[in-house]
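File shown: structure-v4.txt. Contents: compact mmCIF, C-alpha atoms and all ligand atoms.
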```txt
# COMPACT_ATOMS: atom_id res chain seq x y z
CA MET A 1 -9.36 -3.07 12.37
CA LEU A 2 -5.61 -3.22 11.65
CA ARG A 3 -3.77 -2.08 14.73
CA ALA A 4 -0.09 -1.43 15.43
CA GLU A 5 0.74 -1.16 19.12
CA ASN A 6 3.97 0.23 20.52
CA ILE A 7 6.09 -0.86 17.58
CA CYS A 8 9.86 -0.64 18.07
CA PHE A 9 12.29 -1.61 15.34
CA ALA A 10 16.00 -1.40 14.49
CA TYR A 11 17.86 -2.87 11.52
CA ARG A 12 20.91 -5.00 12.13
CA ARG A 13 23.27 -2.05 12.42
CA GLY A 14 21.30 -1.20 15.52
CA THR A 15 20.14 2.38 14.98
CA PRO A 16 16.52 2.53 16.15
CA ILE A 17 14.17 3.38 13.27
CA LEU A 18 10.80 3.10 15.01
CA ARG A 19 10.14 3.77 18.66
CA ASP A 20 6.81 3.10 20.30
CA VAL A 21 4.65 3.70 17.21
CA SER A 22 0.94 2.94 17.47
CA LEU A 23 -1.83 3.46 14.93
CA GLU A 24 -5.21 2.09 13.89
CA LEU A 25 -6.61 1.60 10.41
CA ALA A 26 -10.39 1.19 10.30
CA PRO A 27 -12.39 -0.55 7.54
CA GLY A 28 -13.47 1.78 4.73
CA ARG A 29 -11.31 4.67 6.00
CA VAL A 30 -8.40 6.39 4.29
CA LEU A 31 -5.60 7.20 6.72
CA GLY A 32 -2.60 9.26 5.62
CA LEU A 33 0.84 8.77 7.12
CA ILE A 34 3.23 11.54 6.15
CA ALA A 35 6.89 12.10 6.87
CA PRO A 36 10.03 13.10 4.98
CA SER A 37 12.29 10.43 3.51
CA GLY A 38 14.26 8.34 5.93
CA HIS A 39 11.82 8.62 8.83
CA GLY A 40 10.82 4.95 8.74
CA LYS A 41 7.62 5.02 6.67
CA SER A 42 8.49 2.03 4.51
CA THR A 43 9.79 0.12 7.50
CA LEU A 44 6.51 0.67 9.31
CA ALA A 45 4.55 -0.23 6.15
CA ARG A 46 6.37 -3.55 5.83
CA ILE A 47 5.75 -4.29 9.51
CA LEU A 48 2.03 -3.51 9.13
CA ALA A 49 1.82 -5.86 6.16
CA GLY A 50 3.65 -8.61 8.03
CA TRP A 51 6.78 -8.54 5.84
CA GLU A 52 9.01 -7.52 8.71
CA ARG A 53 8.75 -8.39 12.42
CA PRO A 54 8.96 -5.64 15.03
CA ASP A 55 11.53 -5.98 17.80
CA SER A 56 8.73 -5.29 20.23
CA GLY A 57 5.07 -4.35 20.02
CA ALA A 58 2.48 -6.08 17.89
CA VAL A 59 0.38 -5.82 14.75
CA THR A 60 -3.11 -7.28 15.05
CA LEU A 61 -6.02 -7.74 12.68
CA ASP A 62 -9.39 -7.65 14.44
CA GLY A 63 -7.67 -8.31 17.74
CA GLY A 64 -5.77 -11.42 16.59
CA PRO A 65 -2.41 -12.07 14.94
CA LEU A 66 -2.19 -11.38 11.19
CA GLY A 67 -1.83 -15.10 10.73
CA ALA A 68 -1.82 -17.43 7.79
CA HIS A 69 -4.44 -15.49 5.79
CA ARG A 70 -2.43 -12.30 5.89
CA PRO A 71 -1.46 -12.29 2.20
CA CYS A 72 -5.11 -11.98 1.15
CA ARG A 73 -6.22 -9.72 3.97
CA VAL A 74 -3.44 -7.16 4.23
CA GLN A 75 -1.58 -6.17 1.08
CA TYR A 76 1.42 -3.93 0.57
CA LEU A 77 2.03 -1.91 -2.60
CA ASN A 78 4.96 0.37 -3.25
CA GLN A 79 6.38 2.58 -5.97
CA ASN A 80 8.14 -0.24 -7.81
CA PRO A 81 5.46 -2.40 -9.45
CA GLU A 82 8.10 -3.82 -11.81
CA LEU A 83 9.73 -5.57 -8.84
CA ALA A 84 6.43 -7.18 -7.83
CA VAL A 85 5.83 -9.06 -11.08
CA ASN A 86 7.54 -11.82 -13.00
CA PRO A 87 9.04 -10.12 -16.09
CA ARG A 88 8.69 -13.33 -18.10
CA TRP A 89 4.94 -13.69 -17.56
CA ARG A 90 2.32 -12.04 -19.70
CA MET A 91 0.01 -9.63 -17.90
CA GLU A 92 -2.98 -11.95 -18.07
CA ARG A 93 -1.13 -14.54 -15.98
CA ILE A 94 0.18 -11.88 -13.58
CA LEU A 95 -3.30 -10.45 -13.11
CA THR A 96 -4.82 -13.78 -12.12
CA GLU A 97 -1.89 -14.92 -9.97
CA CYS A 98 -3.73 -14.30 -6.65
CA TRP A 99 -7.39 -14.42 -7.64
CA PRO A 100 -9.46 -14.38 -10.84
CA VAL A 101 -9.72 -10.58 -11.02
CA ASP A 102 -13.23 -9.74 -12.15
CA GLU A 103 -14.17 -7.61 -15.11
CA ARG A 104 -15.58 -4.84 -12.91
CA THR A 105 -12.34 -4.37 -10.96
CA ARG A 106 -10.38 -4.42 -14.20
CA ARG A 107 -12.63 -1.79 -15.74
CA ALA A 108 -12.68 0.37 -12.61
CA LEU A 109 -8.89 0.56 -12.73
CA GLY A 110 -8.89 1.25 -16.47
CA ILE A 111 -7.02 -1.92 -17.43
CA GLU A 112 -7.40 -2.27 -21.17
CA PRO A 113 -7.95 -5.74 -22.67
CA GLY A 114 -5.17 -5.04 -25.16
CA TRP A 115 -2.59 -4.92 -22.33
CA LEU A 116 -3.27 -8.49 -21.18
CA GLY A 117 -1.13 -10.14 -23.83
CA ARG A 118 1.91 -7.95 -23.12
CA PHE A 119 4.92 -8.51 -20.85
CA PRO A 120 5.57 -6.11 -17.92
CA GLY A 121 8.39 -4.39 -19.81
CA GLU A 122 5.91 -3.44 -22.53
CA LEU A 123 3.74 -1.33 -20.19
CA SER A 124 4.21 2.09 -18.61
CA GLY A 125 4.68 2.39 -14.84
CA GLY A 126 1.10 3.60 -14.40
CA GLU A 127 -0.32 0.77 -16.48
CA LEU A 128 1.69 -1.80 -14.57
CA GLN A 129 0.69 -0.32 -11.20
CA ARG A 130 -2.99 -0.78 -12.09
CA PHE A 131 -2.36 -4.52 -12.51
CA CYS A 132 -0.67 -4.69 -9.12
CA ILE A 133 -3.57 -2.84 -7.49
CA ALA A 134 -6.17 -5.08 -9.15
CA ARG A 135 -4.24 -8.17 -8.06
CA ALA A 136 -4.14 -6.90 -4.48
CA LEU A 137 -7.91 -6.31 -4.33
CA HIS A 138 -8.64 -9.94 -3.44
CA PRO A 139 -12.26 -10.41 -2.26
CA ARG A 140 -10.93 -11.11 1.24
CA LEU A 141 -8.70 -8.03 1.33
CA ARG A 142 -9.32 -5.98 4.49
CA HIS A 143 -6.51 -3.41 4.48
CA LEU A 144 -4.23 -2.00 1.81
CA VAL A 145 -0.92 -0.37 2.71
CA ALA A 146 0.04 1.93 -0.18
CA ASP A 147 3.64 3.09 0.29
CA GLU A 148 4.48 6.02 -2.04
CA MET A 149 2.44 4.01 -4.54
CA THR A 150 2.16 6.67 -7.24
CA THR A 151 5.30 8.70 -6.54
CA MET A 152 6.89 7.70 -9.85
CA LEU A 153 3.83 8.54 -11.96
CA ASP A 154 2.76 11.73 -13.70
CA PRO A 155 0.09 13.84 -11.94
CA ILE A 156 -2.76 12.89 -14.30
CA THR A 157 -2.13 9.16 -13.92
CA GLN A 158 -1.76 9.62 -10.15
CA ALA A 159 -5.11 11.39 -9.88
CA LEU A 160 -6.84 8.76 -11.99
CA ILE A 161 -5.45 5.81 -10.05
CA TRP A 162 -6.27 7.33 -6.65
CA SER A 163 -9.81 8.30 -7.55
CA ARG A 164 -10.55 4.82 -8.89
CA LEU A 165 -8.89 3.09 -5.95
CA VAL A 166 -10.55 5.21 -3.26
CA GLY A 167 -13.93 4.51 -4.91
CA LEU A 168 -13.29 0.78 -4.77
CA ILE A 169 -12.05 0.69 -1.22
CA ARG A 170 -14.99 2.75 0.10
CA GLU A 171 -17.42 0.47 -1.69
CA ARG A 172 -15.79 -2.68 -0.29
CA GLY A 173 -15.07 -1.40 3.22
CA ILE A 174 -11.30 -1.80 2.87
CA GLY A 175 -9.00 0.28 5.08
CA LEU A 176 -6.42 2.22 3.05
CA LEU A 177 -3.17 3.56 4.49
CA VAL A 178 -1.68 6.19 2.18
CA ILE A 179 2.00 6.59 3.01
CA THR A 180 3.55 9.61 1.38
CA HIS A 181 6.05 12.43 1.75
CA ASN A 182 3.52 14.64 -0.07
CA PRO A 183 1.14 16.50 2.29
CA ALA A 184 -0.95 17.86 -0.62
CA LEU A 185 -1.72 14.35 -1.86
CA ALA A 186 -2.60 13.19 1.65
CA GLY A 187 -4.80 16.28 2.15
CA ARG A 188 -6.80 15.48 -0.97
CA LEU A 189 -7.33 11.80 -0.28
CA CYS A 190 -7.41 11.09 3.41
CA ASP A 191 -10.06 11.16 6.15
CA ASP A 192 -7.33 11.54 8.78
CA ILE A 193 -3.63 12.25 8.62
CA ILE A 194 -0.85 11.49 11.06
CA ARG A 195 2.76 12.59 10.88
CA LEU A 196 5.59 10.27 11.66
CA GLU A 197 8.29 12.31 13.31
CA ARG A 198 11.86 11.12 13.41
CA ILE A 199 12.10 8.77 16.35
CA ASN A 200 9.00 8.65 16.55
CA HIS A 201 6.12 10.52 17.73
CA LEU A 202 2.81 10.28 15.87
CA ASP A 203 0.98 13.59 15.71
CA PRO A 204 -2.39 14.43 14.23
CA ASP A 205 -1.84 16.83 11.35
CA GLU A 206 -2.88 20.19 12.78
CA SER A 207 -2.23 22.11 9.58
CA ARG A 208 -5.35 20.55 8.05
CA PRO A 209 -8.25 22.90 7.30
P1 LIG B 301 11.19 6.19 4.58
O1 LIG B 301 10.23 5.21 3.96
O2 LIG B 301 10.53 7.16 5.52
O3 LIG B 301 12.04 6.88 3.56
P2 LIG B 301 12.67 3.84 5.48
O4 LIG B 301 11.79 3.03 6.36
O5 LIG B 301 12.83 3.38 4.05
O6 LIG B 301 12.19 5.38 5.53
O7 LIG B 301 14.11 3.93 6.11
C1 LIG B 301 14.32 4.41 7.45
C2 LIG B 301 15.80 4.27 7.77
O8 LIG B 301 16.13 2.88 7.78
C3 LIG B 301 16.73 4.91 6.76
O9 LIG B 301 17.78 5.52 7.45
C4 LIG B 301 17.25 3.75 5.93
O10 LIG B 301 18.55 3.98 5.46
C5 LIG B 301 17.21 2.61 6.93
N1 LIG B 301 16.97 1.31 6.27
C6 LIG B 301 15.93 1.02 5.45
N2 LIG B 301 15.98 -0.28 5.06
C7 LIG B 301 17.08 -0.80 5.65
C8 LIG B 301 17.70 -2.09 5.65
N3 LIG B 301 17.17 -3.12 4.98
N4 LIG B 301 18.82 -2.26 6.39
C9 LIG B 301 19.36 -1.25 7.11
N5 LIG B 301 18.83 0.00 7.16
C10 LIG B 301 17.71 0.23 6.44
```
Represent the structure contained in this file as structure tokens.
Ligand code: ADP
Amino acid sequence: MLRAENICFAYRRGTPILRDVSLELAPGRVLGLIAPSGHGKSTLARILAGWERPDSGAVTLDGGPLGAHRPCRVQYLNQNPELAVNPRWRMERILTECWPVDERTRRALGIEPGWLGRFPGELSGGELQRFCIARALHPRLRHLVADEMTTMLDPITQALIWSRLVGLIRERGIGLLVITHNPALAGRLCDDIIRLERINHLDPDESRP
């Protein structure tokens, strides 16, 4: 279980961004977090993944601190895969940077063998995002925080990536947090949805059928 408890956070200028935010992400579940832009979704995502420290409150994994194994166990993906890869490396090297991504994962995400010899700049955004997802799916991964992960992609590529990813995470018992400003996307994908209100009240989404 990935748990955020009473998270408070302000950037250096001092305006509070998150106040007393708590949530739980269970293994094998898909949780949606929706809010308009500027409400602190990415800030919370980075805190959940251990990239940013809260001013108060805590993030725990199975009751303990995220700790030294965090990079394998909790991964963060966002809408800019091109910023997450070395532009001078070929895709084969990028793909195996964290773990020797197996054939099955590659196939499930529709990564074509012909892409492996290319550089990141020679792939589309959707193609590149598949590499970043595959790289994140380390065998020890427990939770994936997907922050507007497909916002920049066309609807067909979005649908394909999500259906493949949700299949993989259900099979492997990985918790998936889908962070989006798009309620329709969250409605299609998620077991549960919460809304992050501005400063900052988490509500269950009561508009769900
Ligand atoms: P969302 O993901 O919901 O769009 P963000 O977490 O990106 O929201 O941003 C929440 C607020 O924090 C915004 O007002 C944004 O301008 C501000 N913010 C984001 N990153 C920083 C930063 N590094 N320094 C200062 N303010 C920031």
Chain A residues near ligand LIG 301 (chain B) within 8 Å, closest pair each, using only C-alpha atoms and all ligand atoms, as CSV:
```
residue,atom,partner,partner_atom,distance
A:Ala10,CA,B:LIG301,O8,8.0
A:Tyr11,CA,B:LIG301,C9,4.9
A:Arg12,CA,B:LIG301,C9,6.5
A:Arg13,CA,B:LIG301,C9,6.6
A:Ile17,CA,B:LIG301,C2,5.8
A:Ala35,CA,B:LIG301,O2,6.3
A:Pro36,CA,B:LIG301,O2,6.0
A:Ser37,CA,B:LIG301,O3,3.6
A:Gly38,CA,B:LIG301,O3,3.6
A:His39,CA,B:LIG301,O2,3.8
A:Gly40,CA,B:LIG301,O4,3.2
A:Lys41,CA,B:LIG301,O1,3.8
A:Ser42,CA,B:LIG301,O1,3.7
A:Thr43,CA,B:LIG301,O4,3.7
A:Leu44,CA,B:LIG301,O4,6.5
A:Ala45,CA,B:LIG301,O4,7.9
A:Asp147,CA,B:LIG301,O1,7.8
A:His181,CA,B:LIG301,O2,7.9
```
Out of A:Ala136, A:Leu168, A:Leu128, A:Leu109, which residue has the shortest atom-to-atom distance to A:Glu97 when counting only C-alpha atoms?
A:Ala136
Which neighbours of A:Leu66 fall inside 10 Å, counting all atoms listed in the file, when residues of the same chain fewer than 5 positions from it are skipped, and could you give them as a short mmCIF file (atom, residue, chain, number, x, y, z; two decimals) with C-alpha atoms, in the coordinates of the input?
```cif
data_model
loop_
_atom_site.label_atom_id
_atom_site.label_comp_id
_atom_site.auth_asym_id
_atom_site.auth_seq_id
_atom_site.Cartn_x
_atom_site.Cartn_y
_atom_site.Cartn_z
CA LEU A 2 -5.61 -3.22 11.65
CA LEU A 48 2.03 -3.51 9.13
CA ALA A 49 1.82 -5.86 6.16
CA GLY A 50 3.65 -8.61 8.03
CA ALA A 58 2.48 -6.08 17.89
CA VAL A 59 0.38 -5.82 14.75
CA THR A 60 -3.11 -7.28 15.05
CA LEU A 61 -6.02 -7.74 12.68
CA PRO A 71 -1.46 -12.29 2.20
CA ARG A 73 -6.22 -9.72 3.97
CA VAL A 74 -3.44 -7.16 4.23
#
```
Return as CSV the residues of stretch 130-193 of chain A lying at most 12 Å from stretch 84-91 of chain A, together with the closest atom-to-atom pair for each and the distance in Å to one decimal, counting all atoms listed in the file, with rows in chain order and ascending residue number.
```
residue,atom,partner,partner_atom,distance
A:Arg130,CA,A:Met91,CA,11.0
A:Phe131,CA,A:Met91,CA,7.8
A:Cys132,CA,A:Ala84,CA,7.6
A:Ile133,CA,A:Ala84,CA,10.9
A:Ala134,CA,A:Met91,CA,11.6
A:Arg135,CA,A:Val85,CA,10.6
A:Ala136,CA,A:Ala84,CA,11.1
```
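With all atoms listed in the file as the atoms that count, the minimum distance from A:Gly57 to the choices A:Leu33, A:Ala26, A:Glu82, A:Arg3 is reached by A:Arg3.
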At a cut-off of 6 Å from (-3.0, 1.9, 3.2) in the coordinates of the file, what residues are picked up using all atoms listed in the file, written as a ChimeraX atom specification?
/A:144-146,176-178
Which residues, protein or nucleic acid, reach to within 12 Å of (-11.3, -7.3, -1.7) in the file's coordinates when using all atoms listed in the file, and can you give that as JSON, numbers by chain?
{"A": [27, 28, 71, 72, 73, 74, 75, 98, 99, 100, 101, 102, 105, 133, 134, 135, 136, 137, 138, 139, 140, 141, 142, 143, 144, 165, 168, 169, 170, 171, 172, 173, 174, 175, 176]}
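Of the listed residues A:Thr15, A:Ser124, A:Thr96, A:Thr180, the one whose atoms come nearest to A:Met149 is A:Thr180, with distances taken using all atoms listed in the file.
You will find atom CA of A:Gly126 at 13.8 Å from atom CA of A:Leu83.
Across the model, the gap from atom CA of A:Ile7 to atom CA of A:Asp20 is 4.9 Å.
Comparing the minimum interatomic distances between A:Arg19 and each of A:Gly114, A:Asn6, A:Leu31, A:Pro120, counting all atoms listed in the file, we find that A:Asn6 sits nearest.
Counting only C-alpha atoms, the residue from A:Phe9, A:Ile34, A:Asn80, A:Gly64 that sits nearest to A:Ala184 is A:Ile34.
Checking A:Trp162, A:Leu18, A:Gly125, A:Thr151 one by one against A:Leu196, counting all atoms listed in the file, you find the shortest gap at A:Leu18.
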What is the distance, in Å and to one decimal place, between atom CA of A:Arg104 and atom CA of A:Gly167?
12.4 Å
